[in-house]
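Peer 1: input01.cif (mmCIF, N, CA and C atoms) pasted underneath:
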```cif
data_model
loop_
_atom_site.label_atom_id
_atom_site.label_comp_id
_atom_site.auth_asym_id
_atom_site.auth_seq_id
_atom_site.Cartn_x
_atom_site.Cartn_y
_atom_site.Cartn_z
N MET A 68 7.16 -2.07 -37.21
CA MET A 68 8.43 -2.24 -36.51
C MET A 68 8.19 -2.10 -35.01
N LYS A 69 8.68 -3.03 -34.25
CA LYS A 69 8.50 -3.02 -32.81
C LYS A 69 9.53 -2.08 -32.17
N THR A 70 9.06 -1.25 -31.28
CA THR A 70 9.94 -0.35 -30.56
C THR A 70 10.54 -1.09 -29.37
N GLU A 71 11.83 -1.05 -29.26
CA GLU A 71 12.50 -1.68 -28.12
C GLU A 71 12.46 -0.72 -26.94
N PHE A 72 12.16 -1.23 -25.80
CA PHE A 72 12.10 -0.41 -24.59
C PHE A 72 12.74 -1.17 -23.46
N LYS A 73 13.70 -0.55 -22.80
CA LYS A 73 14.29 -1.13 -21.62
C LYS A 73 13.93 -0.24 -20.45
N PHE A 74 13.28 -0.81 -19.47
CA PHE A 74 12.90 0.00 -18.32
C PHE A 74 14.15 0.45 -17.59
N ASN A 75 14.22 1.73 -17.31
CA ASN A 75 15.34 2.30 -16.59
C ASN A 75 14.74 3.14 -15.47
N GLY A 76 14.60 2.54 -14.33
CA GLY A 76 13.98 3.27 -13.25
C GLY A 76 13.99 2.50 -11.96
N LYS A 77 13.03 2.81 -11.10
CA LYS A 77 13.02 2.18 -9.78
C LYS A 77 11.59 1.89 -9.35
N ILE A 78 11.47 0.99 -8.41
CA ILE A 78 10.19 0.69 -7.80
C ILE A 78 10.33 1.02 -6.31
N VAL A 79 9.36 1.75 -5.81
CA VAL A 79 9.38 2.19 -4.41
C VAL A 79 7.99 1.95 -3.85
N GLY A 80 7.90 1.41 -2.65
CA GLY A 80 6.59 1.19 -2.07
C GLY A 80 6.60 1.18 -0.56
N ASP A 81 5.46 1.44 0.02
CA ASP A 81 5.28 1.39 1.46
C ASP A 81 4.03 0.59 1.76
N LEU A 82 4.19 -0.49 2.52
CA LEU A 82 3.06 -1.28 2.98
C LEU A 82 2.68 -0.78 4.36
N TYR A 83 1.41 -0.43 4.54
CA TYR A 83 0.99 0.14 5.81
C TYR A 83 0.64 -0.91 6.84
N LYS A 84 0.40 -2.15 6.40
CA LYS A 84 0.00 -3.21 7.32
C LYS A 84 1.11 -3.51 8.34
N ASN A 85 2.34 -3.62 7.85
CA ASN A 85 3.44 -3.95 8.76
C ASN A 85 4.61 -2.98 8.67
N GLY A 86 4.43 -1.87 7.97
CA GLY A 86 5.47 -0.84 7.93
C GLY A 86 6.65 -1.16 7.03
N ASP A 87 6.56 -2.23 6.25
CA ASP A 87 7.68 -2.58 5.37
C ASP A 87 7.75 -1.64 4.18
N GLY A 88 8.94 -1.45 3.68
CA GLY A 88 9.14 -0.63 2.50
C GLY A 88 9.84 -1.42 1.41
N ILE A 89 9.70 -0.96 0.19
CA ILE A 89 10.32 -1.59 -0.97
C ILE A 89 11.10 -0.52 -1.71
N VAL A 90 12.35 -0.79 -1.99
CA VAL A 90 13.13 0.08 -2.87
C VAL A 90 13.98 -0.82 -3.75
N ASN A 91 13.82 -0.70 -5.04
CA ASN A 91 14.61 -1.47 -5.99
C ASN A 91 14.94 -0.54 -7.14
N ARG A 92 16.21 -0.23 -7.29
CA ARG A 92 16.62 0.76 -8.28
C ARG A 92 16.78 0.20 -9.69
N ASN A 93 16.67 -1.11 -9.84
CA ASN A 93 16.76 -1.71 -11.17
C ASN A 93 15.89 -2.96 -11.21
N PRO A 94 14.55 -2.78 -11.11
CA PRO A 94 13.67 -3.93 -10.98
C PRO A 94 13.50 -4.71 -12.28
N THR A 95 13.31 -6.00 -12.13
CA THR A 95 12.93 -6.84 -13.25
C THR A 95 11.41 -6.93 -13.25
N LEU A 96 10.85 -7.50 -14.30
CA LEU A 96 9.41 -7.69 -14.35
C LEU A 96 8.96 -8.62 -13.21
N GLU A 97 9.78 -9.60 -12.88
CA GLU A 97 9.47 -10.49 -11.77
C GLU A 97 9.44 -9.73 -10.44
N ASP A 98 10.38 -8.81 -10.24
CA ASP A 98 10.40 -7.99 -9.02
C ASP A 98 9.10 -7.19 -8.90
N ILE A 99 8.66 -6.62 -10.02
CA ILE A 99 7.45 -5.81 -10.01
C ILE A 99 6.23 -6.66 -9.67
N ASN A 100 6.15 -7.83 -10.29
CA ASN A 100 5.02 -8.71 -10.01
C ASN A 100 5.04 -9.25 -8.58
N ASN A 101 6.22 -9.49 -8.04
CA ASN A 101 6.31 -9.90 -6.63
C ASN A 101 5.83 -8.78 -5.71
N ALA A 102 6.20 -7.54 -6.02
CA ALA A 102 5.74 -6.40 -5.22
C ALA A 102 4.23 -6.24 -5.35
N LEU A 103 3.71 -6.41 -6.56
CA LEU A 103 2.27 -6.30 -6.77
C LEU A 103 1.52 -7.37 -5.97
N ASP A 104 2.10 -8.57 -5.87
CA ASP A 104 1.47 -9.63 -5.07
C ASP A 104 1.22 -9.17 -3.65
N LEU A 105 2.16 -8.41 -3.08
CA LEU A 105 2.00 -7.90 -1.72
C LEU A 105 0.83 -6.91 -1.64
N PHE A 106 0.73 -6.03 -2.65
CA PHE A 106 -0.29 -4.98 -2.62
C PHE A 106 -1.68 -5.50 -2.97
N ALA A 107 -1.76 -6.72 -3.50
CA ALA A 107 -3.07 -7.31 -3.79
C ALA A 107 -3.84 -7.57 -2.50
N SER A 108 -3.11 -7.76 -1.40
CA SER A 108 -3.78 -8.08 -0.13
C SER A 108 -3.42 -7.12 1.01
N CYS A 109 -2.61 -6.11 0.73
CA CYS A 109 -2.21 -5.15 1.76
C CYS A 109 -2.50 -3.73 1.29
N ASP A 110 -2.62 -2.83 2.24
CA ASP A 110 -2.82 -1.42 1.93
C ASP A 110 -1.46 -0.75 1.79
N GLY A 111 -1.39 0.23 0.88
CA GLY A 111 -0.15 0.96 0.74
C GLY A 111 -0.08 1.71 -0.58
N VAL A 112 1.11 2.20 -0.88
CA VAL A 112 1.36 2.96 -2.09
C VAL A 112 2.59 2.38 -2.77
N LEU A 113 2.50 2.18 -4.07
CA LEU A 113 3.60 1.62 -4.85
C LEU A 113 3.85 2.53 -6.04
N TYR A 114 5.11 2.85 -6.30
CA TYR A 114 5.49 3.70 -7.42
C TYR A 114 6.43 2.93 -8.33
N LEU A 115 6.23 3.05 -9.63
CA LEU A 115 7.18 2.57 -10.62
C LEU A 115 7.58 3.80 -11.41
N ILE A 116 8.84 4.19 -11.29
CA ILE A 116 9.29 5.49 -11.79
C ILE A 116 10.44 5.31 -12.77
N GLN A 117 10.31 5.90 -13.94
CA GLN A 117 11.43 5.92 -14.87
C GLN A 117 12.45 6.94 -14.38
N ASN A 118 13.71 6.63 -14.59
CA ASN A 118 14.76 7.59 -14.24
C ASN A 118 14.66 8.80 -15.13
N ASP A 119 14.98 9.95 -14.56
CA ASP A 119 14.99 11.20 -15.30
C ASP A 119 16.31 11.29 -16.06
N VAL A 120 16.22 11.12 -17.38
CA VAL A 120 17.41 11.16 -18.23
C VAL A 120 17.28 12.37 -19.13
N LYS A 121 18.36 13.13 -19.26
CA LYS A 121 18.31 14.35 -20.07
C LYS A 121 17.81 14.03 -21.48
N GLY A 122 16.85 14.85 -21.93
CA GLY A 122 16.30 14.66 -23.26
C GLY A 122 15.09 13.74 -23.29
N THR A 123 14.71 13.18 -22.16
CA THR A 123 13.53 12.31 -22.12
C THR A 123 12.54 12.85 -21.10
N THR A 124 11.34 12.36 -21.18
CA THR A 124 10.30 12.75 -20.25
C THR A 124 10.06 11.59 -19.29
N PRO A 125 10.32 11.78 -18.00
CA PRO A 125 10.11 10.68 -17.06
C PRO A 125 8.62 10.41 -16.84
N TYR A 126 8.29 9.14 -16.80
CA TYR A 126 6.92 8.71 -16.52
C TYR A 126 6.89 8.05 -15.15
N GLU A 127 5.71 8.02 -14.56
CA GLU A 127 5.55 7.40 -13.25
C GLU A 127 4.19 6.72 -13.19
N LEU A 128 4.17 5.54 -12.60
CA LEU A 128 2.93 4.82 -12.38
C LEU A 128 2.78 4.62 -10.88
N THR A 129 1.64 5.03 -10.34
CA THR A 129 1.40 4.99 -8.90
C THR A 129 0.18 4.14 -8.61
N LEU A 130 0.30 3.28 -7.61
CA LEU A 130 -0.82 2.46 -7.15
C LEU A 130 -1.13 2.83 -5.71
N TYR A 131 -2.38 3.14 -5.45
CA TYR A 131 -2.88 3.31 -4.09
C TYR A 131 -3.78 2.12 -3.81
N ALA A 132 -3.45 1.33 -2.81
CA ALA A 132 -4.23 0.15 -2.44
C ALA A 132 -4.81 0.36 -1.05
N ASP A 133 -6.12 0.12 -0.92
CA ASP A 133 -6.78 0.33 0.36
C ASP A 133 -8.00 -0.59 0.46
N LYS A 134 -7.89 -1.62 1.27
CA LYS A 134 -9.01 -2.54 1.56
C LYS A 134 -9.65 -3.10 0.29
N GLY A 135 -8.81 -3.57 -0.65
CA GLY A 135 -9.33 -4.19 -1.86
C GLY A 135 -9.79 -3.24 -2.93
N LYS A 136 -9.56 -1.95 -2.73
CA LYS A 136 -9.86 -0.94 -3.74
C LYS A 136 -8.52 -0.38 -4.23
N TYR A 137 -8.45 -0.13 -5.54
CA TYR A 137 -7.18 0.27 -6.14
C TYR A 137 -7.36 1.48 -7.04
N LEU A 138 -6.43 2.41 -6.93
CA LEU A 138 -6.37 3.57 -7.79
C LEU A 138 -5.00 3.56 -8.45
N VAL A 139 -4.98 3.58 -9.77
CA VAL A 139 -3.73 3.62 -10.53
C VAL A 139 -3.67 4.94 -11.28
N MET A 140 -2.55 5.65 -11.12
CA MET A 140 -2.36 6.91 -11.83
C MET A 140 -1.07 6.84 -12.64
N PHE A 141 -1.20 7.10 -13.93
CA PHE A 141 -0.07 7.15 -14.85
C PHE A 141 0.18 8.62 -15.14
N SER A 142 1.39 9.09 -14.88
CA SER A 142 1.65 10.51 -15.09
C SER A 142 2.97 10.71 -15.82
N LYS A 143 3.00 11.80 -16.55
CA LYS A 143 4.24 12.20 -17.22
C LYS A 143 4.32 13.71 -17.21
N ARG A 144 5.53 14.21 -17.22
CA ARG A 144 5.77 15.65 -17.23
C ARG A 144 5.73 16.14 -18.67
N LEU A 145 5.02 17.24 -18.87
CA LEU A 145 4.95 17.87 -20.18
C LEU A 145 5.60 19.24 -20.08
N PRO A 146 6.71 19.44 -20.79
CA PRO A 146 7.33 20.76 -20.74
C PRO A 146 6.41 21.81 -21.35
N LEU A 147 6.32 22.94 -20.70
CA LEU A 147 5.49 24.03 -21.20
C LEU A 147 6.33 24.93 -22.10
N ALA A 148 5.90 25.06 -23.33
CA ALA A 148 6.63 25.91 -24.28
C ALA A 148 6.51 27.37 -23.87
N GLY A 149 7.63 28.05 -23.86
CA GLY A 149 7.63 29.48 -23.56
C GLY A 149 7.42 29.80 -22.09
N ASN A 150 7.51 28.81 -21.25
CA ASN A 150 7.32 29.05 -19.82
C ASN A 150 8.61 29.61 -19.25
N GLU A 151 8.59 30.86 -18.87
CA GLU A 151 9.81 31.51 -18.38
C GLU A 151 10.27 30.98 -17.03
N ASP A 152 9.36 30.38 -16.28
CA ASP A 152 9.76 29.81 -14.98
C ASP A 152 10.33 28.41 -15.12
N ASP A 153 10.35 27.87 -16.36
CA ASP A 153 10.86 26.54 -16.62
C ASP A 153 10.11 25.46 -15.84
N GLU A 154 8.84 25.68 -15.56
CA GLU A 154 8.04 24.70 -14.85
C GLU A 154 7.36 23.78 -15.85
N ASP A 155 7.16 22.52 -15.45
CA ASP A 155 6.50 21.56 -16.28
C ASP A 155 5.07 21.35 -15.78
N GLU A 156 4.26 20.78 -16.64
CA GLU A 156 2.89 20.43 -16.30
C GLU A 156 2.79 18.91 -16.35
N ASP A 157 1.94 18.31 -15.51
CA ASP A 157 1.77 16.87 -15.51
C ASP A 157 0.53 16.49 -16.29
N GLU A 158 0.64 15.43 -17.08
CA GLU A 158 -0.52 14.78 -17.68
C GLU A 158 -0.78 13.54 -16.83
N VAL A 159 -2.00 13.39 -16.31
CA VAL A 159 -2.33 12.27 -15.44
C VAL A 159 -3.47 11.49 -16.07
N ARG A 160 -3.30 10.18 -16.15
CA ARG A 160 -4.34 9.29 -16.66
C ARG A 160 -4.66 8.25 -15.59
N THR A 161 -5.93 7.86 -15.52
CA THR A 161 -6.38 6.87 -14.54
C THR A 161 -7.33 5.89 -15.22
N PHE A 162 -7.68 4.83 -14.50
CA PHE A 162 -8.79 3.99 -14.95
C PHE A 162 -10.03 4.87 -14.98
N TRP A 163 -10.98 4.55 -15.84
CA TRP A 163 -12.25 5.26 -15.85
C TRP A 163 -13.34 4.28 -16.20
N ASP A 164 -14.29 4.12 -15.31
CA ASP A 164 -15.40 3.21 -15.54
C ASP A 164 -16.70 3.97 -15.34
N SER A 165 -17.30 4.40 -16.46
CA SER A 165 -18.53 5.20 -16.38
C SER A 165 -19.71 4.38 -15.88
N ASN A 166 -19.56 3.06 -15.80
CA ASN A 166 -20.63 2.20 -15.27
C ASN A 166 -20.66 2.17 -13.75
N ARG A 167 -19.57 2.60 -13.13
CA ARG A 167 -19.55 2.65 -11.66
C ARG A 167 -20.39 3.82 -11.18
N SER A 168 -20.94 3.68 -9.99
CA SER A 168 -21.78 4.75 -9.45
C SER A 168 -20.96 6.00 -9.19
N ARG A 169 -21.62 7.14 -9.31
CA ARG A 169 -20.98 8.41 -8.99
C ARG A 169 -20.80 8.50 -7.49
N GLY A 170 -19.93 9.35 -7.07
CA GLY A 170 -19.71 9.56 -5.65
C GLY A 170 -18.23 9.53 -5.33
N MET A 171 -17.92 9.84 -4.10
CA MET A 171 -16.54 9.91 -3.65
C MET A 171 -16.23 8.71 -2.77
N VAL A 172 -15.00 8.23 -2.86
CA VAL A 172 -14.53 7.08 -2.10
C VAL A 172 -13.29 7.50 -1.32
N ASP A 173 -13.26 7.14 -0.04
CA ASP A 173 -12.08 7.40 0.79
C ASP A 173 -11.04 6.33 0.50
N LEU A 174 -9.89 6.76 0.02
CA LEU A 174 -8.78 5.86 -0.28
C LEU A 174 -7.51 6.48 0.28
N GLN A 175 -6.91 5.84 1.26
CA GLN A 175 -5.69 6.34 1.88
C GLN A 175 -5.90 7.73 2.50
N GLY A 176 -7.12 7.99 2.98
CA GLY A 176 -7.40 9.26 3.66
C GLY A 176 -7.77 10.42 2.75
N ASP A 177 -7.79 10.18 1.42
CA ASP A 177 -8.20 11.20 0.47
C ASP A 177 -9.47 10.75 -0.23
N LEU A 178 -10.25 11.70 -0.70
CA LEU A 178 -11.48 11.38 -1.42
C LEU A 178 -11.21 11.38 -2.93
N TRP A 179 -11.68 10.31 -3.60
CA TRP A 179 -11.48 10.13 -5.03
C TRP A 179 -12.82 9.79 -5.68
N ASP A 180 -12.98 10.16 -6.93
CA ASP A 180 -14.17 9.81 -7.69
C ASP A 180 -14.24 8.28 -7.80
N ASN A 181 -15.38 7.70 -7.45
CA ASN A 181 -15.56 6.25 -7.47
C ASN A 181 -15.30 5.64 -8.85
N ARG A 182 -15.50 6.42 -9.92
CA ARG A 182 -15.35 5.90 -11.27
C ARG A 182 -13.89 5.68 -11.69
N ILE A 183 -12.92 6.15 -10.88
CA ILE A 183 -11.51 5.89 -11.20
C ILE A 183 -10.93 4.79 -10.31
N ILE A 184 -11.76 4.19 -9.48
CA ILE A 184 -11.35 3.12 -8.57
C ILE A 184 -11.71 1.78 -9.20
N THR A 185 -10.90 0.76 -8.94
CA THR A 185 -11.23 -0.59 -9.38
C THR A 185 -10.99 -1.57 -8.24
N GLU A 186 -11.73 -2.66 -8.27
CA GLU A 186 -11.46 -3.79 -7.37
C GLU A 186 -10.83 -4.94 -8.14
N ASP A 187 -10.63 -4.74 -9.44
CA ASP A 187 -10.08 -5.76 -10.34
C ASP A 187 -8.55 -5.65 -10.37
N PHE A 188 -7.89 -6.50 -9.59
CA PHE A 188 -6.43 -6.39 -9.51
C PHE A 188 -5.74 -6.82 -10.80
N THR A 189 -6.42 -7.58 -11.66
CA THR A 189 -5.80 -7.94 -12.94
C THR A 189 -5.55 -6.70 -13.80
N LYS A 190 -6.44 -5.69 -13.70
CA LYS A 190 -6.22 -4.43 -14.43
C LYS A 190 -4.98 -3.71 -13.89
N VAL A 191 -4.80 -3.75 -12.57
CA VAL A 191 -3.63 -3.12 -11.95
C VAL A 191 -2.36 -3.78 -12.45
N ARG A 192 -2.34 -5.10 -12.40
CA ARG A 192 -1.15 -5.85 -12.85
C ARG A 192 -0.88 -5.59 -14.33
N LYS A 193 -1.93 -5.56 -15.14
CA LYS A 193 -1.76 -5.30 -16.58
C LYS A 193 -1.12 -3.93 -16.81
N ALA A 194 -1.58 -2.93 -16.07
CA ALA A 194 -1.03 -1.57 -16.23
C ALA A 194 0.46 -1.55 -15.88
N PHE A 195 0.84 -2.16 -14.77
CA PHE A 195 2.25 -2.15 -14.36
C PHE A 195 3.12 -2.94 -15.34
N ASN A 196 2.64 -4.09 -15.79
CA ASN A 196 3.42 -4.88 -16.74
C ASN A 196 3.58 -4.17 -18.07
N GLU A 197 2.51 -3.57 -18.56
CA GLU A 197 2.56 -2.85 -19.82
C GLU A 197 3.51 -1.65 -19.74
N PHE A 198 3.44 -0.92 -18.62
CA PHE A 198 4.34 0.22 -18.44
C PHE A 198 5.80 -0.22 -18.41
N TYR A 199 6.07 -1.32 -17.71
CA TYR A 199 7.45 -1.81 -17.63
C TYR A 199 7.95 -2.25 -19.01
N LEU A 200 7.11 -2.92 -19.77
CA LEU A 200 7.54 -3.49 -21.04
C LEU A 200 7.58 -2.49 -22.19
N THR A 201 6.71 -1.46 -22.15
CA THR A 201 6.61 -0.56 -23.30
C THR A 201 6.92 0.90 -22.98
N GLY A 202 6.88 1.27 -21.70
CA GLY A 202 7.10 2.66 -21.33
C GLY A 202 5.85 3.50 -21.40
N ASP A 203 4.72 2.88 -21.70
CA ASP A 203 3.46 3.62 -21.80
C ASP A 203 2.34 2.66 -21.41
N ILE A 204 1.11 3.18 -21.40
CA ILE A 204 -0.05 2.35 -21.12
C ILE A 204 -1.12 2.70 -22.15
N ASP A 205 -1.73 1.69 -22.70
CA ASP A 205 -2.80 1.85 -23.69
C ASP A 205 -3.87 2.80 -23.13
N ARG A 206 -4.26 3.77 -23.94
CA ARG A 206 -5.28 4.74 -23.51
C ARG A 206 -6.65 4.08 -23.29
N ASN A 207 -6.85 2.87 -23.78
CA ASN A 207 -8.09 2.14 -23.50
C ASN A 207 -8.10 1.62 -22.07
N LEU A 208 -6.93 1.49 -21.46
CA LEU A 208 -6.83 1.02 -20.09
C LEU A 208 -6.86 2.19 -19.10
N VAL A 209 -6.07 3.21 -19.37
CA VAL A 209 -6.07 4.43 -18.54
C VAL A 209 -6.34 5.62 -19.45
N GLU A 210 -7.33 6.41 -19.06
CA GLU A 210 -7.72 7.57 -19.88
C GLU A 210 -7.15 8.85 -19.32
#
```
Would you mind writing the file's structure down as structure tokens?

Peer 2:
Amino acid sequence: MKTEFKFNGKIVGDLYKNGDGIVNRNPTLEDINNALDLFASCDGVLYLIQNDVKGTTPYELTLYADKGKYLVMFSKRLPLAGNEDDEDEDEVRTFWDSNRSRGMVDLQGDLWDNRIITEDFTKVRKAFNEFYLTGDIDRNLVE
């Protein structure tokens, strides 16, 4: 049985090349792909965020783009059982390519493990499209 999923969230982004911003509180798949087209050739940060609805766990997909290198992070809040402070913990998944060389890469002014970076924008687009359509991302794509 196929699970029906309707994306309920927003897309937010900042392009550093010309200072433009993107805010769309009810994006379509076409809107997301149009925004991704911009980030394929520009530096910046793009977020696809599910709305926080009572009784659900909001997920977020973040893209950091910098000079043709891309970092995608899929995160969700995990409620901590018995946590008296009512704080949540985040589960974060990224691309992982053990064939890439070890070392740190400067991306947007922060250092990241080279094995979580990709230059393959088709993987980035696949992650965003899959998240929009299903609400999750295959663990074979992001670990």

Peer 1: Using only N, CA and C atoms, which of A:Gly111, A:Gly176, A:Gly202, A:Pro94 sits nearest A:Ala132?

Peer 2: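 With only N, CA and C atoms as the atom set, the closest residue is A:Gly111.
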
Peer 1: I'd like the neighbourhood of A:Ser165 as a PyMOL selection string, where a residue qualifies if any of its atoms comes within 8 Å (using only N, CA and C atoms), though same-chain residues fewer than 3 positions away should be ignored.

Peer 2: chain A and resi 162+168-169+181-183

Peer 1: Would you please extract all helix (DSSP H, G or I) residues from stretch 95-200 of chain A, as assigned by DSSP on the backbone, and give them as a list in words?

Peer 2: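 In stretch 95-200 of chain A, DSSP puts these residues in helix (DSSP H, G or I): Leu96, Glu97, Asp98, Ile99, Asn100, Asn101, Ala102, Leu103, Asp104, Leu105, Phe106, Asn181, Arg182, Ile183, Phe188, Thr189, Lys190, Val191, Arg192, Lys193, Ala194, Phe195, Asn196, Glu197, Phe198, Tyr199 and Leu200 of chain A.
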
Peer 1: What does the structure give for the distance between atom CA of A:Leu113 and atom CA of A:Ser142, in Å to one decimal?

Peer 2: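 Straight-line distance from atom CA of A:Leu113 to atom CA of A:Ser142 works out to 13.7 Å.
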
Peer 1: Of the candidates A:Leu138, A:Leu208, A:Ala194, A:Leu103, which one gets nearest to A:Leu174 if we count all atoms listed in the file?

Peer 2: A:Leu138

Peer 1: Can you work out the spacing between atom CA of A:Val112 and atom N of A:Asp205 in Å, to one decimal?

Peer 2: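 Interatomic distance, atom CA of A:Val112 to atom N of A:Asp205: 20.9 Å.
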
Peer 1: What does the distance from atom C of A:Ile184 to atom C of A:Tyr137 come to in Å, to one decimal?

Peer 2: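 Computing it gives 4.9 Å between the two atoms.
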
Peer 1: A:Leu128, A:Tyr199, A:Cys109, A:Asn207: which is nearest A:Leu96, counting all atoms listed in the file?

Peer 2: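 Using all atoms listed in the file, the shortest distance to A:Leu96 belongs to A:Tyr199.
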
Peer 1: Step by step: start from the point (4.1, -1.7, -21.6) in the file's coordinates, keep every protein, DNA or RNA residue that has an atom no farther than 12 Å from it, count only C-alpha atoms, and write the set as a VMD selection string.

Peer 2: chain A and resid 70 to 74 96 126 128 141 192 to 206 208

Peer 1: Decode the PyMOL selection byres ((chain A and resi 107) around 8) for the given file into explicit residues and return them as an NGL selection string.

Peer 2: :A and (102-106 or 108-110 or 132 or 134-135 or 188)

Peer 1: Just list as an MDAnalysis selection string whatever in stretch 136-203 of chain A DSSP marks as strand (DSSP E or B).

Peer 2: chainID A and resid 136:146 155:161 171:174 177:180 185
